[in-house]
Structure formats: C-alpha cells, structure tokens
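Quick notes on the structure that follows.
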2 protein chains.
Amino acid sequence: MQVLKPNEGKPITIYDIAREAEVSPATVSRVLTGNSNVRKEKRKKILEIIEKYNFKPNAMARGLSETKSKIIGILVADVRNPFYAELFLACEQAAKLAGYTVMLCNSLNNMEQEEYLLDQLVQQRVDAIIQIGGRVDDLVSNMEYVEKVNQVMNTIPVVVTGKLEGTKCKMVRIDSMKAMELLMEYLISLGHRDIAVVGGSDKVLSTYEKLVQYRLSLQKYHIPFDPDLISPEGTYNVESGYRLMNEMLAKGKRPTAVIAINDFAAAGVMHSVLEHGYRIPEDISVVGYDNTYISQILNPSLTTIDYNYQYYGKSLIEAAIDAIEGKGELLKLVTPGLMIRGSSGSRR
Amino acid sequence: MQVLKPNEGKPITIYDIAREAEVSPATVSRVLTGNSNVRKEKRKKILEIIEKYNFKPNAMARGLSETKSKIIGILVADVRNPFYAELFLACEQAAKLAGYTVMLCNSLNNMEQEEYLLDQLVQQRVDAIIQIGGRVDDLVSNMEYVEKVNQVMNTIPVVVTGKLEGTKCKMVRIDSMKAMELLMEYLISLGHRDIAVVGGSDKVLSTYEKLVQYRLSLQKYHIPFDPDLISPEGTYNVESGYRLMNEMLAKGKRPTAVIAINDFAAAGVMHSVLEHGYRIPEDISVVGYDNTYISQILNPSLTTIDYNYQYYGKSLIEAAIDAIEGKGELLKLVTPGLMIRGSSGSRR
DNA sequence: TTGCTCTGCGAAACCGCTTTCAACTTTATC
DNA sequence: GATAAAGTTGAAAGCGGTTTCGCAGAGCAA
C-alpha cells in the first residue's frame, strides 16, 4: 500500500484518495456524492482515508463539473442596517440547511455598484440571486435596471423583496399594508386619533403601501386626514427622523402618537420628542418598524413591527431554490406581527 | 460568419466567443487575461463580441485552472453586531480594489459552527481566511481550535484580529491598551477619579488588555484601584451592561465616569444610570468602544473609541494578500482614536 | 539567401471533480 | 446448473477556463 506524501501546501485530490484506497477516482467520487453503488468495505475504507486526510472536495471542480455552484448570491443595500443583517443571517442559516452556501454583497444604494455586483455574481455562476433592498424597493422600477436584471435572468433566477416591473423575478414581500393596519388598530384602540407618520419616502414601495393603509385605517375610524401629520420626503436614518419630527413640532402639530418608518427613524423621532420636553409614552407614543435590536437599545424600548426574520429568510431561500428548480409561485407575502414595548401607551 | 444561437439559459463560453470571432479559445483567453500577444484588430473584435453577449468568464473554471479562487473568506462572530458589519464592509471594499471577492460567514460564537465554516471555506478553496472575533478573541487559545486552524493553515493562510497561540496566523489587531489609555487620559483630564469599567470578560484578550491599561493609568495618576469599580464577568450586550451597572449602583458605588466595554454595554449602562435618576453627563459620564451608529442613536450620543474601519479593513485585506503571497509581517497594530460626543463631561 | 529572433496564434494538456458507458461480478430464478 | 437481473467498478469524456509548446511568418542582420 502506498502512502500519500506529506501534504506540502497542495490540497490533496480525489486521485490521491483513490490511489491510497486502491480504487479508481470514479469510485471515490461515488462515495463523495452519496451514490449507493459502492461495496460496503470499499466505501468504509475510502471514508476512512478521507477522514484521515480531512479531504474536502474542491468546490470549483465540482461546480464546474455539475455546472452549478451551490451558492446563492445575496445582494443587500447595506449590512450595517440591522434589518438587512438579520435577514441575511436568517438566509445564511436556511441556505445551510438546504445545502447551499451564501455570498453577500452590499450595493450601498448605488445603482452602478448594484449592476457591478450582479455581474460579479454572474461571473461566480451563483445558482440564484436574492436581492434585498436597493433598486427593488422603488415604487416605480428603473428601466435601465430592469433591463440589466432581465439580462441576468437569462441565466440566473432572481428573487426580490420588493418588485421589479417588467421582469419575472419571484417576490417574497412583507405585507406592509397589514403591518400598518396592525399599528393603526393598536394605536387607535389606545385612544389615539392624532397619529403622525414620520420618515421615509413614498417613492419607496413599502412606504407607499404603508401610507395607503394609513389613510384606509383613518377612514375606517372616521378620523379626518391631516396632511401635516405626514412628514415630507425623508430618508431612513436617525437624522432624518430627528429633523422631520422637529419640523412637525415646529409647525405646531402635536400628535399623540407617531409612527416612525423604521427603527432608525424612531430613534430620531424619540430624540426630538424628548428634547422638546415631552415624555414617551405619557405625552407622545412612538412606534417603529423592523424590531431590530435598536428597538431594545432605545429608552424607552420601542414598540415596533416584527417580521420573524427566521421565517422571512427561510421563505427567501425557498423561493430561490424553487426558482432554480423552475417551480413555485411568483409572489409570497410574509405576515408581520406587533411587538409591544415601552414606547407606546394610552392617550392621556 | 456564424452567429451564436440565442442564448437559452446556458451561459455562453469562451468557445462560443472564439467561434464567432473566428479565432481559437486560447486567443480569447489571452484577451481575457490581458495577455498582450494578440493582434490589435483581433483583440478589438473579440472584445466587441464579449461586450455584445455580455460574456463573463466562469469563475469556477478559471479558479480551477489557476488553482486559486480569488475569494477571501471572512469569518465573523455575528454581522448583526455593527462592529463586525462595519469591518466586513470595509474589507469588502478593500478586497474589490485588490481584485478579490469576499465570502462572509457567521460563527455565532459557536465553536462547532466555527470549525464547520472553516471546512466550508476550505472546500470553496478560498485563497485566504480572515477571522474576526470568536475563538480568536480568547485570552488563552483553545487547543482544539488551534489544531483545527493549523490543519487549515496547511493549505490556506489565516489572518486574525486577535491571536491564536500555537499557530502562524498573521494578526491585525487594535491597540486596546492605547484605546483605554485614550479614554483614561481624557476622563482624568476632565477631573474624574472614580472611574468604573463595566461589561465584558477578562477572558477576552482585548478586554484583558483594557483592564491592564486601566490599572496602569490609575497608577500613573496615583488613583487607588477599587476592585468594586470593575464589574464582574459580563457579556457584550445591552442587558449585561444594564444588569452590571445596576449591581454596581446597588452596592453603593457611585463612579462619576463609566467606561463601558463596547457600545452595546454602554446602551445598557445608560439605561441603568438614567433609571436611577442620574443625569448623563452631568452626574455620570458614560463612554464606550467601537463608534458604531449605536453611539449616535443613544441619547445623549455616546463618546466612544473610534477605529477607522476603512483603514482597519484595508489592513486586514492587505495582510491576507501578503499571506497569500507569503510575505508581510506577522503582527500589525491599528491605532484607535477618540470620538467625543455628548455623554461625557467634566466632573461636577 | 541564410540564419535568427520575435510576434501571433492554435493544438492540446491540465485543473479536480462527476457521470456515462460498458464490462465484469454476484446473486436470484427456475 | 444455466440464465437473467442486479450490483460494482474503471476508463474516458466533459465542465470552461489557462497555459505550455511549437509552428508559421515577419523583420532584420550578415
């Protein structure tokens, strides 16, 4: 019996294993892929040698041979946003269970970068791409980007958390209307009628939907709509929430409850409210969206919409795998829940 | 001239390009790799066809052929922690500039998972691994893990942000002693003498170093060391900071300044302090480490240690590439800075 | 014209795995 | 005990690139 020469930096291959086990590479490959047509003793011997050298088959070779990488590319706007981080992590875990690896890219909300990364993922021959945030959040899809995605979809399926009109992307979306409905029913049940919405832009699909539901809920309870209780165009960060809330208060508006467009904006809103000498929630209730750990860091802790990231991530991965296999539905809605904490209370 | 059949889901290859350009695949490969020995007109024609079909060479094939993936694996404890997210993002950008792609994995501080992911990265044949947080943060290295890493290092260089005694990992580390020194000099210059350190565990290398420097700084200014001003064993999250600060105050200790072990712990400390009716910074100054956006979310915003993530990430990638090329130094220290915000002030 | 160097380019080998195909063994069936 | 069916196995092709090698032709000196 021959022995492998001590492995000097070169990873060992299936051939090395085959030689030592006195079988052909094909047989080693069979045990690697779980093919059952290998005699028990041989399988055992091969497995022992694999174990002994801690052999890991080269994923590039395997991928090349099978023309699939077993990698799912995940394109997010910015992992520093805990919403994306949570979702990515959930995807990573779900992917692992399904036998896939995951490759994360950050677009930083820059379309050029987004297109570059798509190309990058194509080059890696990922089996599917999940795009979370960025261009796919737009209420009206950017045509140039649609074209780009269609070109990619020629060879690789794309799943999005928003929508991309003019493409056949599968969608896994949060039911934003439902989320707003939950908040409104909750706040109204606490006696609030002067409810503001702060932060975000109605050019973003989910925000647009939230605003639509906001008005529907007002209507349902016969509360008149006051345009001044909706903040103008904003972004999704702390500063924006802070500034917009300041402006609203400066205008003399004094809602008893504020719905911030996400946890970041809620942080800004809370700063502003506290600075103006109001108490939370005694004078003004503040609620947010996302239930990231920010909600727990804030003081008081934030009542917010919860998405069940585990489930959301799992759904995304499932959709991706369905897309790879050419099956599954086009759209799936994820139902949000309400996480009640200290920042909200009855109207005084 | 022949024309490619409309691309029906199968990515086109170098051979398709070659056929249409009426050259050999070798020539196409030459223009792809930037080899200069191709006549101008041919190069131009080939490039046009590549452009026309938006051809991207298969990274697996290329990687297999060159026996290198051009991927750097990045193993972090948990991207949901903005410290890791920031650092990862910086690495991603630096890697891109250097022509590398990056593959992120989360160990979730679970050693089994950590070992699993190392194997995963080996299987992908990444060119180098950067491990940020997790086992490499331990003050005394876990022997089993050291063995695992040594096995990996047989074929793939590993760079760590901590240390791993018994391995030849390159290290790129924050100068934690310097960081603590900055905070102590700053607080002492503001007149503080009763300075507490809350959160973290001295079984973690960086925390250990911080505590060493803490005592050195006290000594320098002839301030007696009070063991009750150092919190016992803690973790690095909000709850821990909250609980430990509560305990310290309950013991009757009343520091005028608190150094929280990171931004999360600082959030907890601030909750506790405010709940006890003290003002920040008038009664108690609170400072933290990491300068993640949490520092800005907190109210008042947090004075904290800043790491210059861009530079840190760049250094990590450089170290990885150096390791791939078998050069560079073993250890590099990154110098931290101080970011002064509203949570700290003069002793009253 | 001969001899040499250079440049440009195709044939073919190779990277490390999977899979088809055909041949060879076993085992089951009657 | 003959024959069919099922189980094992290795040779070889193929995945899509890169690279070596050698050949052909150009350019230049002698």
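Here's how to read the names in the structure tokens: chain A, B, ... by the order shown, residue numbers from 1 in each chain, ligand numbers from 1 in the order shown.
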When you get a sec, could you note down which chain A residues fall within 9 Å of chain C, using only C-alpha atoms (C1' of nucleotides), as a ChimeraX atom specification? /A:13-15,26,29-30,33,57-66
Limited to N, CA, C and O atoms, could you put the picked residues into a file as a PDB file, in the first residue's frame?
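Everything below was put into part15.pdb:
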```
ATOM      1  N   THR A  13      -6.270  15.536  -3.603  1.00  0.00           N
ATOM      2  CA  THR A  13      -7.405  15.392  -4.510  1.00  0.00           C
ATOM      3  C   THR A  13      -7.997  13.998  -4.412  1.00  0.00           C
ATOM      4  O   THR A  13      -7.482  13.116  -3.730  1.00  0.00           O
ATOM      5  N   ILE A  14      -9.034  13.856  -5.119  1.00  0.00           N
ATOM      6  CA  ILE A  14      -9.729  12.598  -5.228  1.00  0.00           C
ATOM      7  C   ILE A  14      -8.786  11.496  -5.760  1.00  0.00           C
ATOM      8  O   ILE A  14      -8.940  10.331  -5.438  1.00  0.00           O
ATOM      9  N   TYR A  15      -7.820  11.904  -6.565  1.00  0.00           N
ATOM     10  CA  TYR A  15      -6.877  10.931  -7.130  1.00  0.00           C
ATOM     11  C   TYR A  15      -5.973  10.370  -6.038  1.00  0.00           C
ATOM     12  O   TYR A  15      -5.656   9.194  -6.022  1.00  0.00           O
ATOM     13  N   ALA A  26     -13.319   7.420  -9.879  1.00  0.00           N
ATOM     14  CA  ALA A  26     -14.772   7.372 -10.041  1.00  0.00           C
ATOM     15  C   ALA A  26     -15.425   6.818  -8.783  1.00  0.00           C
ATOM     16  O   ALA A  26     -16.453   7.323  -8.327  1.00  0.00           O
ATOM     17  N   SER A  29     -15.423   9.354  -6.070  1.00  0.00           N
ATOM     18  CA  SER A  29     -16.459  10.335  -6.357  1.00  0.00           C
ATOM     19  C   SER A  29     -17.823   9.785  -5.969  1.00  0.00           C
ATOM     20  O   SER A  29     -18.666  10.504  -5.437  1.00  0.00           O
ATOM     21  N   ARG A  30     -18.018   8.519  -6.220  1.00  0.00           N
ATOM     22  CA  ARG A  30     -19.313   7.922  -5.869  1.00  0.00           C
ATOM     23  C   ARG A  30     -19.580   8.018  -4.374  1.00  0.00           C
ATOM     24  O   ARG A  30     -20.684   8.355  -3.966  1.00  0.00           O
ATOM     25  N   THR A  33     -20.437  11.632  -3.462  1.00  0.00           N
ATOM     26  CA  THR A  33     -21.759  12.134  -3.849  1.00  0.00           C
ATOM     27  C   THR A  33     -22.884  11.307  -3.249  1.00  0.00           C
ATOM     28  O   THR A  33     -24.049  11.532  -3.545  1.00  0.00           O
ATOM     29  N   PRO A  57     -13.598  17.972  -0.957  1.00  0.00           N
ATOM     30  CA  PRO A  57     -13.589  18.082  -2.421  1.00  0.00           C
ATOM     31  C   PRO A  57     -13.607  19.539  -2.870  1.00  0.00           C
ATOM     32  O   PRO A  57     -14.296  20.369  -2.280  1.00  0.00           O
ATOM     33  N   ASN A  58     -12.871  19.830  -3.873  1.00  0.00           N
ATOM     34  CA  ASN A  58     -12.753  21.180  -4.424  1.00  0.00           C
ATOM     35  C   ASN A  58     -14.087  21.637  -5.023  1.00  0.00           C
ATOM     36  O   ASN A  58     -14.559  21.095  -6.012  1.00  0.00           O
ATOM     37  N   ALA A  59     -14.652  22.665  -4.387  1.00  0.00           N
ATOM     38  CA  ALA A  59     -15.982  23.119  -4.810  1.00  0.00           C
ATOM     39  C   ALA A  59     -15.972  23.674  -6.230  1.00  0.00           C
ATOM     40  O   ALA A  59     -16.977  23.597  -6.935  1.00  0.00           O
ATOM     41  N   MET A  60     -14.848  24.228  -6.650  1.00  0.00           N
ATOM     42  CA  MET A  60     -14.800  24.779  -8.006  1.00  0.00           C
ATOM     43  C   MET A  60     -14.848  23.660  -9.038  1.00  0.00           C
ATOM     44  O   MET A  60     -15.550  23.750 -10.040  1.00  0.00           O
ATOM     45  N   ALA A  61     -14.105  22.612  -8.759  1.00  0.00           N
ATOM     46  CA  ALA A  61     -14.094  21.479  -9.689  1.00  0.00           C
ATOM     47  C   ALA A  61     -15.485  20.853  -9.738  1.00  0.00           C
ATOM     48  O   ALA A  61     -16.020  20.577 -10.812  1.00  0.00           O
ATOM     49  N   ARG A  62     -16.032  20.650  -8.575  1.00  0.00           N
ATOM     50  CA  ARG A  62     -17.369  20.056  -8.527  1.00  0.00           C
ATOM     51  C   ARG A  62     -18.377  20.947  -9.240  1.00  0.00           C
ATOM     52  O   ARG A  62     -19.178  20.491 -10.038  1.00  0.00           O
ATOM     53  N   GLY A  63     -18.295  22.229  -8.932  1.00  0.00           N
ATOM     54  CA  GLY A  63     -19.226  23.162  -9.538  1.00  0.00           C
ATOM     55  C   GLY A  63     -19.085  23.187 -11.049  1.00  0.00           C
ATOM     56  O   GLY A  63     -20.073  23.211 -11.780  1.00  0.00           O
ATOM     57  N   LEU A  64     -17.865  23.181 -11.489  1.00  0.00           N
ATOM     58  CA  LEU A  64     -17.625  23.209 -12.930  1.00  0.00           C
ATOM     59  C   LEU A  64     -18.221  21.965 -13.576  1.00  0.00           C
ATOM     60  O   LEU A  64     -18.898  22.031 -14.592  1.00  0.00           O
ATOM     61  N   SER A  65     -17.982  20.869 -12.930  1.00  0.00           N
ATOM     62  CA  SER A  65     -18.459  19.605 -13.476  1.00  0.00           C
ATOM     63  C   SER A  65     -19.987  19.538 -13.507  1.00  0.00           C
ATOM     64  O   SER A  65     -20.579  19.057 -14.465  1.00  0.00           O
ATOM     65  N   GLU A  66     -20.589  20.022 -12.433  1.00  0.00           N
ATOM     66  CA  GLU A  66     -22.048  19.940 -12.355  1.00  0.00           C
ATOM     67  C   GLU A  66     -22.733  21.174 -12.936  1.00  0.00           C
ATOM     68  O   GLU A  66     -23.954  21.275 -12.904  1.00  0.00           O
TER      69      GLU A  66
END
```
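Within 7 Å of chain B, chain A contributes the residues Gly9, Lys10, Pro11, Lys56, Pro57, Asn58, Ala59, Met60, Ala61, Gly63, Leu64, Val79, Arg80, Pro82, Ala85, Glu86, Met103, Leu104, Gln123, Gln124, Arg125, Asn154, Thr155, Val238, Ala267, His271, Ile297, Leu298 and Asn299 of chain A, using only C-alpha atoms.
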Residues from the last selection, N, CA and C atoms, saved as a PDB file, in the first residue's frame:
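File produced: part-v4.pdb:
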```
ATOM      1  N   GLY A   9       1.241  21.888   1.352  1.00  0.00           N
ATOM      2  CA  GLY A   9       0.605  23.087   0.846  1.00  0.00           C
ATOM      3  C   GLY A   9      -0.346  22.819  -0.307  1.00  0.00           C
ATOM      4  N   LYS A  10      -0.144  21.739  -1.034  1.00  0.00           N
ATOM      5  CA  LYS A  10      -1.075  21.420  -2.129  1.00  0.00           C
ATOM      6  C   LYS A  10      -2.212  20.594  -1.552  1.00  0.00           C
ATOM      7  N   PRO A  11      -3.434  21.042  -1.733  1.00  0.00           N
ATOM      8  CA  PRO A  11      -4.567  20.254  -1.236  1.00  0.00           C
ATOM      9  C   PRO A  11      -4.573  18.903  -1.946  1.00  0.00           C
ATOM     10  N   LYS A  56     -11.418  17.632   1.637  1.00  0.00           N
ATOM     11  CA  LYS A  56     -12.647  18.330   1.247  1.00  0.00           C
ATOM     12  C   LYS A  56     -12.620  18.492  -0.265  1.00  0.00           C
ATOM     13  N   PRO A  57     -13.598  17.972  -0.957  1.00  0.00           N
ATOM     14  CA  PRO A  57     -13.589  18.082  -2.421  1.00  0.00           C
ATOM     15  C   PRO A  57     -13.607  19.539  -2.870  1.00  0.00           C
ATOM     16  N   ASN A  58     -12.871  19.830  -3.873  1.00  0.00           N
ATOM     17  CA  ASN A  58     -12.753  21.180  -4.424  1.00  0.00           C
ATOM     18  C   ASN A  58     -14.087  21.637  -5.023  1.00  0.00           C
ATOM     19  N   ALA A  59     -14.652  22.665  -4.387  1.00  0.00           N
ATOM     20  CA  ALA A  59     -15.982  23.119  -4.810  1.00  0.00           C
ATOM     21  C   ALA A  59     -15.972  23.674  -6.230  1.00  0.00           C
ATOM     22  N   MET A  60     -14.848  24.228  -6.650  1.00  0.00           N
ATOM     23  CA  MET A  60     -14.800  24.779  -8.006  1.00  0.00           C
ATOM     24  C   MET A  60     -14.848  23.660  -9.038  1.00  0.00           C
ATOM     25  N   ALA A  61     -14.105  22.612  -8.759  1.00  0.00           N
ATOM     26  CA  ALA A  61     -14.094  21.479  -9.689  1.00  0.00           C
ATOM     27  C   ALA A  61     -15.485  20.853  -9.738  1.00  0.00           C
ATOM     28  N   GLY A  63     -18.295  22.229  -8.932  1.00  0.00           N
ATOM     29  CA  GLY A  63     -19.226  23.162  -9.538  1.00  0.00           C
ATOM     30  C   GLY A  63     -19.085  23.187 -11.049  1.00  0.00           C
ATOM     31  N   LEU A  64     -17.865  23.181 -11.489  1.00  0.00           N
ATOM     32  CA  LEU A  64     -17.625  23.209 -12.930  1.00  0.00           C
ATOM     33  C   LEU A  64     -18.221  21.965 -13.576  1.00  0.00           C
ATOM     34  N   VAL A  79     -25.381  45.935   4.891  1.00  0.00           N
ATOM     35  CA  VAL A  79     -25.484  45.071   6.083  1.00  0.00           C
ATOM     36  C   VAL A  79     -25.383  45.816   7.374  1.00  0.00           C
ATOM     37  N   ARG A  80     -24.920  47.045   7.340  1.00  0.00           N
ATOM     38  CA  ARG A  80     -24.805  47.757   8.603  1.00  0.00           C
ATOM     39  C   ARG A  80     -26.189  48.061   9.152  1.00  0.00           C
ATOM     40  N   PRO A  82     -29.276  46.832  10.587  1.00  0.00           N
ATOM     41  CA  PRO A  82     -29.547  45.545  11.238  1.00  0.00           C
ATOM     42  C   PRO A  82     -30.720  44.789  10.606  1.00  0.00           C
ATOM     43  N   ALA A  85     -28.991  42.821   8.122  1.00  0.00           N
ATOM     44  CA  ALA A  85     -28.120  41.855   8.785  1.00  0.00           C
ATOM     45  C   ALA A  85     -28.943  40.679   9.313  1.00  0.00           C
ATOM     46  N   GLU A  86     -30.048  40.994   9.946  1.00  0.00           N
ATOM     47  CA  GLU A  86     -30.915  39.939  10.476  1.00  0.00           C
ATOM     48  C   GLU A  86     -31.376  39.023   9.344  1.00  0.00           C
ATOM     49  N   MET A 103     -23.446  34.064  -0.601  1.00  0.00           N
ATOM     50  CA  MET A 103     -22.418  35.066  -0.877  1.00  0.00           C
ATOM     51  C   MET A 103     -23.035  36.447  -0.788  1.00  0.00           C
ATOM     52  N   LEU A 104     -22.561  37.217   0.185  1.00  0.00           N
ATOM     53  CA  LEU A 104     -23.173  38.517   0.457  1.00  0.00           C
ATOM     54  C   LEU A 104     -22.485  39.662  -0.275  1.00  0.00           C
ATOM     55  N   GLN A 123     -20.596  36.064 -12.785  1.00  0.00           N
ATOM     56  CA  GLN A 123     -19.267  35.501 -13.017  1.00  0.00           C
ATOM     57  C   GLN A 123     -18.994  34.330 -12.077  1.00  0.00           C
ATOM     58  N   GLN A 124     -19.465  34.450 -10.855  1.00  0.00           N
ATOM     59  CA  GLN A 124     -19.295  33.354  -9.901  1.00  0.00           C
ATOM     60  C   GLN A 124     -20.243  32.212 -10.224  1.00  0.00           C
ATOM     61  N   ARG A 125     -21.142  32.427 -11.140  1.00  0.00           N
ATOM     62  CA  ARG A 125     -22.134  31.410 -11.521  1.00  0.00           C
ATOM     63  C   ARG A 125     -22.936  30.944 -10.319  1.00  0.00           C
ATOM     64  N   ASN A 154     -31.568  35.804 -17.704  1.00  0.00           N
ATOM     65  CA  ASN A 154     -31.395  34.908 -18.836  1.00  0.00           C
ATOM     66  C   ASN A 154     -30.725  33.605 -18.387  1.00  0.00           C
ATOM     67  N   THR A 155     -29.870  33.720 -17.401  1.00  0.00           N
ATOM     68  CA  THR A 155     -29.162  32.518 -16.948  1.00  0.00           C
ATOM     69  C   THR A 155     -29.340  32.230 -15.464  1.00  0.00           C
ATOM     70  N   VAL A 238     -31.461  58.006  11.349  1.00  0.00           N
ATOM     71  CA  VAL A 238     -31.747  58.698  12.588  1.00  0.00           C
ATOM     72  C   VAL A 238     -31.928  60.196  12.358  1.00  0.00           C
ATOM     73  N   ALA A 267     -35.664  56.257  16.393  1.00  0.00           N
ATOM     74  CA  ALA A 267     -34.640  56.780  17.295  1.00  0.00           C
ATOM     75  C   ALA A 267     -34.567  58.289  17.168  1.00  0.00           C
ATOM     76  N   HIS A 271     -35.532  61.205  19.998  1.00  0.00           N
ATOM     77  CA  HIS A 271     -34.631  62.289  20.404  1.00  0.00           C
ATOM     78  C   HIS A 271     -35.372  63.620  20.355  1.00  0.00           C
ATOM     79  N   ILE A 297     -32.502  48.941  22.413  1.00  0.00           N
ATOM     80  CA  ILE A 297     -31.495  49.871  22.918  1.00  0.00           C
ATOM     81  C   ILE A 297     -32.132  51.193  23.303  1.00  0.00           C
ATOM     82  N   LEU A 298     -33.163  51.555  22.575  1.00  0.00           N
ATOM     83  CA  LEU A 298     -33.790  52.850  22.812  1.00  0.00           C
ATOM     84  C   LEU A 298     -34.400  52.899  24.208  1.00  0.00           C
ATOM     85  N   ASN A 299     -34.564  54.103  24.685  1.00  0.00           N
ATOM     86  CA  ASN A 299     -35.070  54.308  26.026  1.00  0.00           C
ATOM     87  C   ASN A 299     -36.187  55.327  25.990  1.00  0.00           C
TER      88      ASN A 299
END
```
Near chain B, 7 Å: chain D residue rows, closest pairs, only C-alpha atoms (C1' of nucleotides), as JSON lines:
```
{"residue": "D:DG16", "atom": "C1'", "partner": "B:Ala61", "partner_atom": "CA", "distance": 5.0}
{"residue": "D:DG17", "atom": "C1'", "partner": "B:Ala61", "partner_atom": "CA", "distance": 4.7}
{"residue": "D:DT18", "atom": "C1'", "partner": "B:Ser65", "partner_atom": "CA", "distance": 5.9}
```
Emit the selected residues as a PDB file, in the first residue's frame, including C-alpha atoms (C1' of nucleotides).
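Printed below is part_20.pdb as written:
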```
ATOM      1  C1'  DG D  16     -14.844  26.080 -19.108  1.00  0.00           C
ATOM      2  C1'  DG D  17     -11.228  28.218 -18.489  1.00  0.00           C
ATOM      3  C1'  DT D  18      -5.467  28.972 -18.668  1.00  0.00           C
TER       4       DT D  18
END
```
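Separating CA of Leu117 in chain A from CA of Ile132 in chain A is a distance of 13.1 Å.
Nearest residue to DA6 in chain D, choosing from A:Ser240, A:Val258, A:Asn37, A:Gly252 and counting only C-alpha atoms (C1' of nucleotides): A:Asn37.
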Could you go through range 21-222 of chain A and tell me which residues DSSP, when run on the backbone, assigns to helix (DSSP H, G or I), listing them as number ranges by chain? A: 21, 25-32, 40-53, 59-66, 82-97, 111-123, 134-137, 143-153, 176-189, 205-220
Pairwise distance, CA of Glu41 in chain B with CA of Ser24 in chain B, equals 14.7 Å
What gap, in Å, lies between CA of Lys220 in chain B and CA of Lys163 in chain B? 28.2 Å
Skip Lys44 in chain A itself and residues of its chain fewer than 5 positions away, then list as a list in words all residues within 12 Å of it, counting only C-alpha atoms (C1' of nucleotides). Ala21, Thr27, Val28, Val31, Leu32, Val38, Arg39, Ile49, Ile50 and Glu51 of chain A
Could you please take those selected residues and save all heavy atoms as an mmCIF file, in the first residue's frame?
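Written file, result_14.cif:
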```
data_model
loop_
_atom_site.group_PDB
_atom_site.id
_atom_site.type_symbol
_atom_site.label_atom_id
_atom_site.label_comp_id
_atom_site.auth_asym_id
_atom_site.auth_seq_id
_atom_site.Cartn_x
_atom_site.Cartn_y
_atom_site.Cartn_z
ATOM 1 N N ALA A 21 -6.545 4.195 -1.616
ATOM 2 C CA ALA A 21 -7.595 3.211 -1.354
ATOM 3 C C ALA A 21 -7.585 2.097 -2.396
ATOM 4 O O ALA A 21 -8.378 1.157 -2.325
ATOM 5 C CB ALA A 21 -8.952 3.898 -1.330
ATOM 6 N N THR A 27 -14.825 5.823 -8.218
ATOM 7 C CA THR A 27 -15.410 5.226 -7.011
ATOM 8 C C THR A 27 -15.362 6.196 -5.835
ATOM 9 O O THR A 27 -16.317 6.313 -5.075
ATOM 10 C CB THR A 27 -14.662 3.928 -6.667
ATOM 11 O OG1 THR A 27 -14.750 3.060 -7.794
ATOM 12 C CG2 THR A 27 -15.285 3.258 -5.470
ATOM 13 N N VAL A 28 -14.257 6.884 -5.712
ATOM 14 C CA VAL A 28 -14.174 7.884 -4.644
ATOM 15 C C VAL A 28 -15.277 8.919 -4.846
ATOM 16 O O VAL A 28 -15.983 9.292 -3.906
ATOM 17 C CB VAL A 28 -12.799 8.576 -4.641
ATOM 18 C CG1 VAL A 28 -12.772 9.659 -3.572
ATOM 19 C CG2 VAL A 28 -11.698 7.581 -4.415
ATOM 20 N N VAL A 31 -18.577 7.730 -3.575
ATOM 21 C CA VAL A 31 -18.881 7.831 -2.148
ATOM 22 C C VAL A 31 -19.062 9.284 -1.750
ATOM 23 O O VAL A 31 -19.892 9.606 -0.900
ATOM 24 C CB VAL A 31 -17.876 7.087 -1.219
ATOM 25 C CG1 VAL A 31 -16.966 6.164 -1.977
ATOM 26 C CG2 VAL A 31 -17.136 8.017 -0.328
ATOM 27 N N LEU A 32 -18.330 10.174 -2.399
ATOM 28 C CA LEU A 32 -18.469 11.599 -2.095
ATOM 29 C C LEU A 32 -19.881 12.094 -2.383
ATOM 30 O O LEU A 32 -20.433 12.922 -1.641
ATOM 31 C CB LEU A 32 -17.478 12.373 -2.966
ATOM 32 C CG LEU A 32 -16.362 13.141 -2.296
ATOM 33 C CD1 LEU A 32 -15.912 12.482 -1.021
ATOM 34 C CD2 LEU A 32 -15.197 13.299 -3.266
ATOM 35 N N VAL A 38 -21.638 1.320 -4.220
ATOM 36 C CA VAL A 38 -20.246 1.060 -3.872
ATOM 37 C C VAL A 38 -20.258 0.004 -2.768
ATOM 38 O O VAL A 38 -21.021 0.108 -1.812
ATOM 39 C CB VAL A 38 -19.542 2.325 -3.342
ATOM 40 C CG1 VAL A 38 -18.126 2.001 -2.903
ATOM 41 C CG2 VAL A 38 -19.536 3.417 -4.392
ATOM 42 N N ARG A 39 -19.443 -0.994 -2.936
ATOM 43 C CA ARG A 39 -19.442 -2.081 -1.951
ATOM 44 C C ARG A 39 -19.077 -1.529 -0.566
ATOM 45 O O ARG A 39 -18.205 -0.680 -0.431
ATOM 46 C CB ARG A 39 -18.448 -3.158 -2.377
ATOM 47 C CG ARG A 39 -18.595 -4.442 -1.581
ATOM 48 C CD ARG A 39 -17.866 -5.571 -2.272
ATOM 49 N NE ARG A 39 -18.385 -5.735 -3.642
ATOM 50 C CZ ARG A 39 -17.792 -6.485 -4.568
ATOM 51 N NH1 ARG A 39 -16.671 -7.112 -4.278
ATOM 52 N NH2 ARG A 39 -18.312 -6.579 -5.762
ATOM 53 N N ILE A 49 -9.994 7.002 4.734
ATOM 54 C CA ILE A 49 -8.865 7.756 4.175
ATOM 55 C C ILE A 49 -9.234 9.234 4.027
ATOM 56 O O ILE A 49 -8.426 10.121 4.298
ATOM 57 C CB ILE A 49 -8.443 7.146 2.827
ATOM 58 C CG1 ILE A 49 -7.970 5.709 3.079
ATOM 59 C CG2 ILE A 49 -7.348 7.965 2.180
ATOM 60 C CD1 ILE A 49 -7.603 4.967 1.833
ATOM 61 N N ILE A 50 -10.464 9.486 3.614
ATOM 62 C CA ILE A 50 -10.935 10.871 3.504
ATOM 63 C C ILE A 50 -10.847 11.549 4.862
ATOM 64 O O ILE A 50 -10.362 12.673 4.992
ATOM 65 C CB ILE A 50 -12.392 10.904 2.990
ATOM 66 C CG1 ILE A 50 -12.425 10.558 1.505
ATOM 67 C CG2 ILE A 50 -13.028 12.258 3.252
ATOM 68 C CD1 ILE A 50 -13.806 10.489 0.915
ATOM 69 N N GLU A 51 -11.290 10.835 5.856
ATOM 70 C CA GLU A 51 -11.270 11.344 7.225
ATOM 71 C C GLU A 51 -9.836 11.598 7.664
ATOM 72 O O GLU A 51 -9.490 12.654 8.184
ATOM 73 C CB GLU A 51 -11.948 10.313 8.136
ATOM 74 C CG GLU A 51 -11.910 10.644 9.604
ATOM 75 C CD GLU A 51 -12.788 11.823 9.940
ATOM 76 O OE1 GLU A 51 -13.684 12.160 9.123
ATOM 77 O OE2 GLU A 51 -12.570 12.417 10.998
#
```
Tell me, as a ChimeraX atom specification, which residues lie within 8 Å of Asp290 in chain A, counting only C-alpha atoms (C1' of nucleotides); anything in the same chain fewer than 2 positions away does not count. /A:83,262-263,288,292,304-307
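Compared by their closest atoms to Leu75 in chain B, and using only C-alpha atoms, the residues B:Pro281, B:Gly34, B:Gly133, B:Gly191 rank with B:Gly133 nearest.
Selecting strand (DSSP E) from the backbone DSSP output for range 9-132 of chain B yields Ile71, Ile72, Gly73, Ile74, Leu75, Val76, Thr101, Val102, Met103, Leu104, Cys105, Asn106, Ala128, Ile129, Ile130, Gln131 and Ile132 of chain B.
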Find the residues around range 309-318 of chain B up to 7 Å (only C-alpha atoms (C1' of nucleotides) counted), leave out those fewer than 4 positions away in its own chain, and share them as a PyMOL selection string. chain B and resi 86-87+90-91+94-95+172+322+334
Using only C-alpha atoms (C1' of nucleotides), which residues sit within 8 Å of range 167-170 of chain A once same-chain residues fewer than 6 positions away are excluded, as a count of residues only? 12
